[in-house]
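Q: The following block contains the structure, expressed as structure tokens.
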Amino acid sequence: MPNAKMTDATPRLRRHLLRATLGLAGGLALALSGGLALADPAKVLIPANPGGGWDGAGRQTMAAMNQAKIFTDGVNFTNKGGAAGTIGLAEFVRTAKGDDNALLVTGVIMVAGIITNKTPVSLNDTTPLVRLTNEYNAIAVPADSPIKTPQDFIAALKADPGALSVGGGSAGGADHVMLAMLAKHAGAPVNKINFVAFSGGEILAALGGGKIKAAISGASEFRQFAQSGRIRIIAVSGPTRLEGLDVPTLKEAGIPVEIGNWRGFVGAPGMSEAGKKAWLDRFAKLHTSDAWKATLKNQGWEDAYLSGPEFLAFLKSEETNWAQALREVGIVQ
Amino acid sequence: MMDTLTQLIAGFAIALQPINLFWALVGCALGTAVGVLPGIGPALTIALLMPVTAQVAPESAFIMFAGILYGALYGGSTTSILLNTPGESGSVMTALEGNRMARTGRGAAALATAAIGSFVAGTFGTLALTFLAPAIAELAFIFGPEDYFALMILSFTSVAVVMGTSRVRGFTALFFGLALGTIGIDTQTGQSRMVFGTLELLDGISFTVVLVALFAVGETLYVASRNAQVHAVLNPLSGGVWMTREDWKRSWKPWLRGTLIGFPIGSLPAGGTEIPTFLSYTLERRLSPHPEQFGEGAIEGVAGPEAANNAAAAGILVPLLTLGLPSTATAAVLLAAFQNYGLQPGPLLFATNPGLLWGLIASLYIGNVILLVLNLPLVGIWVRLLLIPRPYIYAGIVVFALVGVWGLSTSWMDIALMVGLGLIGYMARVYDFPIAPALIGLILGPQAEIQLRRALAVSQNDWSVLVSTPISATLLAIAALVLVLPLLLRRLRRAERRIEQEAAAK
């Protein structure tokens, strides 16, 4: 096998070397001067630490775009995690103004985070581009946990909400709201729930090691650890079961809670019309490509493509809905 | 064991193919280059090279990436030692003794012990990765928030106590760093702290800005202010270009101890390459038969931390390859690269794609040899940097620092911060405050806070959770000892002397 690949790679060697050198030179120039790059790579800001759902969304999407030869000038990723992505949003609004090649990964967690944190910047300060995926949340527990079913989880929540430490993304995000909704359903006081914020892959280690009693996060983040038997997924939050995952929905268990975790991209504040059109076209092409279909399948993401003005309208309705939901569950007064 | 060996040999067969050797060489050279520059790390470099590798066989790509990962740590020590300006956060401790050595004409020996120490630690780290990875990976599940918190407290106390001319100065610097670390949005609640209504400070003060300001700018101002009075011209090459027998004797134990500290901590999900270097420096200072040389250029203080950061780099690959769990930005980029090839790192990968994994592991051994061969001859060339008159070289450093900080975020706030913190760095130099504790406070302070609050959330505000596990209790006990023991010893000695004096008076 390696031999076949070797003969394949050797004639291209010179070109690779050239591109490697160019790429590095471009990167160095970019990092040193912020604009003198030889190639013009996209600058994608990922508002979460490495290893989490947003990290995957940003890197996988750009990788598929590269694979489908839609955008091949290279991508420069920056991870800036914390506070439901609002730290990354603040940085993006501050540093990317007018940059047609700057993108920010965003999603429902950020919409909620902006409301809870009363962040002085919002998604209105960016150029909304596209919603790409939706992913339903899942509840997982350590492999040896006595909690086996969604009903067990609700019972534990009702018995002593403080004793059930539940990990999730940033405070005030979708994971936090989902826990609050479950508590409300269980009849437990929402202000007593014990939500512990994590960013990135650390939550898997904490859950697998039994440091927390349960975790709420995207189903895809849990999958590999569930397959290797370190954790158990006990429920998913979508309307239907997930393919290849023999786990009931909350609805099946009689719990009327449904939370989807959509993700997408926004462009820099003050992005030019030409720049906006170029990226909308690229995302439209990506949506129909085989590379993207393969990515969706591998990651367990649901296709939720929504672009341009429709996406803008959707964002507005999300903002209203979440403001209401957060007040209802008592996270925002 | 036999199985592992057979697999490893098969891996070498892949890694030793000319094309893969070539990629290893490219990676090592690139890694060394980015390690020298502050602000540009292996994560950014690998991310930039991602599209290039879309057409390269996965074996070759990962062999190059591994070279970059290891090479960055070899390169990071160079500017620390020669210019007192660390290129990476893992090289901060190297600057302390390394730069003193360079100033007394022992720069070559410092660079050599750093390179050989990196080689030793990198090789032992890779051996541990080869044979112990699955067992070490379990540490990720054993360490809880309270254990991480205790580990960070130990780093704080040990560093503040041993560094600088007095512990008051050490702790002042540490708390300055901790205070800087509280600026920005709090990740646990989303509230903004100490930002004084500015958008620029919401995401906190960038580590690179503080690193460049306190080290490079402070150092430059100091040199500028003292230059007229400095007449003694040192020949930087007077110490010879190679380590003496004495240097070897004093280096090999710190290399091994640094490896032992670096590898396990590096393999923790919240470990990183910095903590091991802090702990290694403290340990070497405590164990050295010449503690009085620390602060004046003790070779142990270079050998230990440099070994520790390379061993930690090998450790980072443990949770990534065995669990698919990325612990640093570099690991996350590597994970993305695996996924680009449709591969998911984890236990299954060892079964489904052994050629790739063992080729990668074998290439780590080869990369270490390449880096040593690449870096040792360079020592003689690098040292000549010191022959450039200091005003010229520091003028150059200031230009690079300004351009680098501006390029990071094109923010005026960062430039203003750099100048302001540079002045503080200058004052610190003049009044003998150590700089490293401030950086450690800034790096680890926010992490320690998060871990503390997670631990308290899980325990429902029961503070006894902080000593509830054997690991946390032991680490905190060591931290307390580090803090109290020197005081007790001094008091005992004073009491002894008083008794002697009283006896003599009688």
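Labels used: A, B, ... for chains in the order of the structure tokens, numbers from 1 for residues in each chain, and numbers from 1 for ligands as shown.
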Extract, using only C-alpha atoms, all DNA, RNA and protein residues at most 6 Å from segment 203-212 of chain A, discarding same-chain residues fewer than 4 positions from it, and format them as number ranges by chain.
A: A: 142, 165, 198, 230-231; B: 140-142
Q: Fewer than 3 positions away in the same chain doesn't count, so skip those; otherwise give me all residues within 10 Å of Trp279 of chain A, counting only C-alpha atoms, as a list in words.
A: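 What passes the distance filter is Phe71, Asp100, Asn101, Leu103, Leu129, Val130, Phe265, Val266, Gly267, Ala274, Gly275, Lys276, Arg282, Phe283, Ala284 and Lys285 of chain A.
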Q: Write the residues of the selection above to a file with N, CA and C atoms, as an mmCIF file, in the first residue's frame.
A:
data_model
loop_
_atom_site.group_PDB
_atom_site.id
_atom_site.type_symbol
_atom_site.label_atom_id
_atom_site.label_comp_id
_atom_site.auth_asym_id
_atom_site.auth_seq_id
_atom_site.Cartn_x
_atom_site.Cartn_y
_atom_site.Cartn_z
ATOM 1 N N PHE A 71 -12.919 25.999 -2.399
ATOM 2 C CA PHE A 71 -12.017 27.028 -1.872
ATOM 3 C C PHE A 71 -10.727 26.331 -1.453
ATOM 4 N N ASP A 100 -12.980 40.527 3.861
ATOM 5 C CA ASP A 100 -13.857 39.654 3.076
ATOM 6 C C ASP A 100 -13.529 38.181 3.224
ATOM 7 N N ASN A 101 -12.403 37.863 3.828
ATOM 8 C CA ASN A 101 -12.049 36.455 3.978
ATOM 9 C C ASN A 101 -12.149 35.967 5.422
ATOM 10 N N LEU A 103 -14.273 34.624 8.579
ATOM 11 C CA LEU A 103 -15.532 33.962 8.908
ATOM 12 C C LEU A 103 -15.542 33.594 10.383
ATOM 13 N N LEU A 129 -24.341 34.719 7.110
ATOM 14 C CA LEU A 129 -24.208 34.083 5.800
ATOM 15 C C LEU A 129 -25.098 32.859 5.644
ATOM 16 N N VAL A 130 -24.899 31.861 6.508
ATOM 17 C CA VAL A 130 -25.538 30.583 6.211
ATOM 18 C C VAL A 130 -25.708 29.715 7.448
ATOM 19 N N PHE A 265 -22.292 29.851 9.631
ATOM 20 C CA PHE A 265 -21.187 30.802 9.508
ATOM 21 C C PHE A 265 -21.720 32.228 9.356
ATOM 22 N N VAL A 266 -21.000 33.175 9.953
ATOM 23 C CA VAL A 266 -21.238 34.578 9.643
ATOM 24 C C VAL A 266 -19.934 35.170 9.131
ATOM 25 N N GLY A 267 -20.053 36.263 8.364
ATOM 26 C CA GLY A 267 -18.879 36.948 7.829
ATOM 27 C C GLY A 267 -18.529 38.157 8.685
ATOM 28 N N ALA A 274 -19.571 42.035 -2.704
ATOM 29 C CA ALA A 274 -18.902 41.043 -3.546
ATOM 30 C C ALA A 274 -18.394 39.891 -2.692
ATOM 31 N N GLY A 275 -17.806 40.233 -1.548
ATOM 32 C CA GLY A 275 -17.288 39.205 -0.655
ATOM 33 C C GLY A 275 -18.404 38.322 -0.151
ATOM 34 N N LYS A 276 -19.536 38.948 0.198
ATOM 35 C CA LYS A 276 -20.671 38.201 0.719
ATOM 36 C C LYS A 276 -21.187 37.230 -0.352
ATOM 37 N N ARG A 282 -20.054 29.954 -2.578
ATOM 38 C CA ARG A 282 -19.223 28.811 -2.168
ATOM 39 C C ARG A 282 -20.018 27.860 -1.282
ATOM 40 N N PHE A 283 -20.795 28.421 -0.342
ATOM 41 C CA PHE A 283 -21.580 27.553 0.537
ATOM 42 C C PHE A 283 -22.677 26.828 -0.247
ATOM 43 N N ALA A 284 -23.259 27.520 -1.249
ATOM 44 C CA ALA A 284 -24.286 26.878 -2.067
ATOM 45 C C ALA A 284 -23.691 25.697 -2.831
ATOM 46 N N LYS A 285 -22.462 25.892 -3.369
ATOM 47 C CA LYS A 285 -21.791 24.816 -4.100
ATOM 48 C C LYS A 285 -21.449 23.670 -3.153
#
Q: Report, in Å with one decimal, the straight-line distance from atom CA of Glu135 of chain A to atom CA of Gly168 of chain A.
A: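 For atom CA of Glu135 of chain A relative to atom CA of Gly168 of chain A, the distance reads 14.9 Å.
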Q: Using only C-alpha atoms, can you tell me which of A:Ala214, A:Ile147, A:Leu104, A:Ala140 comes closest to chain B?
A: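 Of A:Ala214, A:Ile147, A:Leu104, A:Ala140, the one nearest chain B, counting only C-alpha atoms, is A:Ala214.
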Q: Measuring between only C-alpha atoms, which one of A:Asn261, A:Gly308, A:Gly74, A:Ala174 shows the shortest distance to Ala278 of chain A?
A: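 Among the listed residues, the smallest separation from Ala278 of chain A belongs to A:Gly308.
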Q: May I have the residues within 12 Å of Ala479 of chain B as a PyMOL selection string, using only C-alpha atoms and disregarding those fewer than 2 positions away in the same chain?
A: chain B and resi 149-161+279+282+472-477+481-485
Q: Please dump the current selection as a JSON list (two decimals), in the first residue's frame; keep C-alpha atoms.
A:
[["chain", "number", "residue", "atom", "x", "y", "z"],
["B", 149, "PHE", "CA", -6.38, 22.73, 40.76],
["B", 150, "ALA", "CA", -3.86, 21.19, 43.17],
["B", 151, "LEU", "CA", -1.34, 20.73, 40.34],
["B", 152, "MET", "CA", -1.64, 24.41, 39.47],
["B", 153, "ILE", "CA", -1.33, 25.54, 43.09],
["B", 154, "LEU", "CA", 1.87, 23.50, 43.29],
["B", 155, "SER", "CA", 3.15, 25.26, 40.16],
["B", 156, "PHE", "CA", 2.32, 28.66, 41.65],
["B", 157, "THR", "CA", 3.93, 28.18, 45.02],
["B", 158, "SER", "CA", 7.02, 26.38, 43.82],
["B", 159, "VAL", "CA", 7.77, 28.93, 41.15],
["B", 160, "ALA", "CA", 7.09, 32.01, 43.28],
["B", 161, "VAL", "CA", 9.19, 30.66, 46.14],
["B", 279, "LEU", "CA", 8.01, 22.11, 38.02],
["B", 282, "THR", "CA", 11.93, 24.22, 40.71],
["B", 472, "SER", "CA", -4.98, 16.44, 45.14],
["B", 473, "ALA", "CA", -4.11, 15.90, 48.81],
["B", 474, "THR", "CA", -0.53, 14.89, 47.95],
["B", 475, "LEU", "CA", 0.02, 17.76, 45.53],
["B", 476, "LEU", "CA", -1.37, 20.33, 47.97],
["B", 477, "ALA", "CA", 0.76, 18.90, 50.78],
["B", 481, "LEU", "CA", 5.87, 22.08, 52.18],
["B", 482, "VAL", "CA", 7.49, 24.11, 49.42],
["B", 483, "LEU", "CA", 6.04, 27.21, 51.00],
["B", 484, "VAL", "CA", 6.73, 26.48, 54.67],
["B", 485, "LEU", "CA", 9.86, 24.36, 54.72]]
Q: Tell me which protein, DNA and RNA residues are within 9 Å of Phe119 of chain B, counting only C-alpha atoms, leaving out same-chain ones fewer than 5 positions away, and put them as a compact mmCIF listing (two decimals) with N, CA and C atoms, in the first residue's frame.
A:
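The file below, part_38.txt, is the result:
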# COMPACT_ATOMS: atom_id res chain seq x y z
N TYR B 74 12.28 22.46 19.83
CA TYR B 74 13.73 22.62 19.72
C TYR B 74 14.06 24.09 19.46
N ALA B 114 20.26 22.18 25.70
CA ALA B 114 18.84 22.25 25.34
C ALA B 114 18.54 21.28 24.21
N PHE B 124 12.91 9.30 24.86
CA PHE B 124 12.26 8.55 25.94
C PHE B 124 10.75 8.74 25.93
N ALA B 307 14.09 19.45 28.53
CA ALA B 307 13.69 18.05 28.42
C ALA B 307 12.20 17.92 28.71
N ASN B 310 9.82 18.86 25.78
CA ASN B 310 9.77 17.90 24.68
C ASN B 310 9.07 16.61 25.06
N ASN B 368 13.49 13.03 15.85
CA ASN B 368 14.39 13.46 16.93
C ASN B 368 15.84 13.44 16.49
N VAL B 369 16.21 12.39 15.76
CA VAL B 369 17.60 12.32 15.28
C VAL B 369 17.86 13.46 14.30
N LEU B 371 16.40 16.32 14.10
CA LEU B 371 16.45 17.60 14.79
C LEU B 371 17.78 17.81 15.49
N LEU B 372 18.28 16.73 16.07
CA LEU B 372 19.57 16.85 16.76
C LEU B 372 20.67 17.18 15.75
Q: Got a sec to tell me which of segment 51-286 of chain A DSSP assigns to strand (DSSP E), as a PyMOL selection string?
A: chain A and resi 75-79+102-107+127-142+165-168+194-197+214-218+231-236+260-267
Q: Have a look at A:Ile234, A:His185, A:Lys251, A:Thr320 and name the one nearest to Pro146 of chain A; count only C-alpha atoms.
A: A:Ile234
Q: Of the candidates A:Gly85, A:Gly218, A:Gly201, A:Pro269, which one gets nearest to Asn124 of chain A if we count only C-alpha atoms?
A: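 When distances to Asn124 of chain A are compared using only C-alpha atoms, the smallest one comes from A:Pro269.
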Q: So, counting only C-alpha atoms, which residue among A:Ala183, A:Val108, A:Val93, A:Ala197 is closest to chain B?
A: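 Among the listed residues, A:Ala197 lies closest to chain B.
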Q: Please report the interatomic distance between atom CA of Ala133 of chain B and atom CA of Val318 of chain B in Å with one decimal.
A: 5.6 Å
Q: Could you pull the residues within 12 Å of segment 295-297 of chain B, counting only C-alpha atoms, minus those fewer than 5 positions along the same chain, as an MDAnalysis selection string?
A: chainID B and resid 81 93:107 109:110 162:165 247 281 285 290 302:303 432 434
Q: How about saving the chosen residues, N, CA and C atoms kept, as a compact mmCIF listing (two decimals), in the first residue's frame?
A:
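part39.txt, freshly written:
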# COMPACT_ATOMS: atom_id res chain seq x y z
N ILE B 81 17.42 31.60 25.07
CA ILE B 81 18.78 31.57 25.59
C ILE B 81 19.58 32.78 25.10
N MET B 93 10.83 29.21 30.95
CA MET B 93 11.76 28.86 32.02
C MET B 93 13.20 28.75 31.50
N THR B 94 13.34 28.38 30.23
CA THR B 94 14.67 28.22 29.65
C THR B 94 15.44 29.54 29.66
N ALA B 95 14.68 30.64 29.50
CA ALA B 95 15.32 31.96 29.43
C ALA B 95 16.05 32.30 30.73
N LEU B 96 15.52 31.82 31.86
CA LEU B 96 16.05 32.25 33.16
C LEU B 96 17.53 31.96 33.30
N GLU B 97 17.90 30.68 33.17
CA GLU B 97 19.31 30.33 33.33
C GLU B 97 20.04 30.43 31.99
N GLY B 98 19.30 30.09 30.91
CA GLY B 98 19.94 30.04 29.60
C GLY B 98 20.52 31.38 29.20
N ASN B 99 19.75 32.45 29.41
CA ASN B 99 20.26 33.75 29.01
C ASN B 99 21.44 34.19 29.87
N ARG B 100 21.40 33.85 31.16
CA ARG B 100 22.56 34.16 32.02
C ARG B 100 23.81 33.46 31.51
N MET B 101 23.61 32.20 31.11
CA MET B 101 24.75 31.44 30.58
C MET B 101 25.29 32.11 29.33
N ALA B 102 24.38 32.55 28.44
CA ALA B 102 24.82 33.19 27.20
C ALA B 102 25.62 34.44 27.50
N ARG B 103 25.20 35.17 28.53
CA ARG B 103 25.89 36.42 28.85
C ARG B 103 27.27 36.20 29.45
N THR B 104 27.49 35.03 30.01
CA THR B 104 28.80 34.78 30.57
C THR B 104 29.64 33.94 29.62
N GLY B 105 29.25 33.93 28.34
CA GLY B 105 30.06 33.25 27.35
C GLY B 105 29.78 31.76 27.24
N ARG B 106 28.67 31.31 27.88
CA ARG B 106 28.39 29.87 27.85
C ARG B 106 27.15 29.58 27.00
N GLY B 107 26.86 30.46 26.07
CA GLY B 107 25.68 30.30 25.23
C GLY B 107 25.67 28.99 24.46
N ALA B 109 27.08 26.15 25.23
CA ALA B 109 26.78 25.01 26.09
C ALA B 109 25.30 24.97 26.42
N ALA B 110 24.69 26.15 26.63
CA ALA B 110 23.26 26.19 26.95
C ALA B 110 22.44 25.67 25.77
N VAL B 162 10.90 29.84 44.62
CA VAL B 162 12.31 29.67 44.26
C VAL B 162 12.84 30.79 43.39
N MET B 163 11.94 31.56 42.78
CA MET B 163 12.44 32.47 41.78
C MET B 163 12.72 33.85 42.34
N GLY B 164 13.70 34.52 41.78
CA GLY B 164 13.98 35.88 42.18
C GLY B 164 14.76 35.95 43.47
N THR B 165 15.01 37.17 43.91
CA THR B 165 15.89 37.36 45.05
C THR B 165 15.17 37.22 46.37
N ASP B 247 29.69 19.87 32.28
CA ASP B 247 28.33 20.16 31.80
C ASP B 247 27.53 18.88 31.59
N TYR B 281 12.05 23.14 36.63
CA TYR B 281 13.00 24.18 37.06
C TYR B 281 13.10 24.20 38.59
N ARG B 285 16.42 23.25 40.89
CA ARG B 285 16.99 24.23 41.80
C ARG B 285 17.10 23.67 43.21
N HIS B 290 24.68 23.05 43.56
CA HIS B 290 25.14 24.44 43.49
C HIS B 290 23.96 25.38 43.40
N VAL B 302 18.55 24.83 32.50
CA VAL B 302 18.23 24.78 31.07
C VAL B 302 17.89 23.34 30.69
N ALA B 303 18.72 22.42 31.17
CA ALA B 303 18.58 21.02 30.78
C ALA B 303 17.22 20.46 31.19
N ASP B 432 14.76 44.09 40.27
CA ASP B 432 15.01 42.68 40.53
C ASP B 432 13.77 41.85 40.81
N PRO B 434 11.33 38.99 39.53
CA PRO B 434 11.37 37.97 38.47
C PRO B 434 10.16 38.11 37.56
Q: In Å, rounded to a single decimal, give me how far atom CA of Phe207 of chain B is from atom CA of Leu444 of chain B.
A: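 Pair atom CA of Leu444 of chain B / atom CA of Phe207 of chain B returns 11.0 Å.
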Q: Using only C-alpha atoms, can you tell me which of A:Ile216, A:Ile193, A:Ile154, A:Leu182 comes closest to Gly167 of chain A?
A: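 Result for the nearest residue to Gly167 of chain A: A:Ile216.
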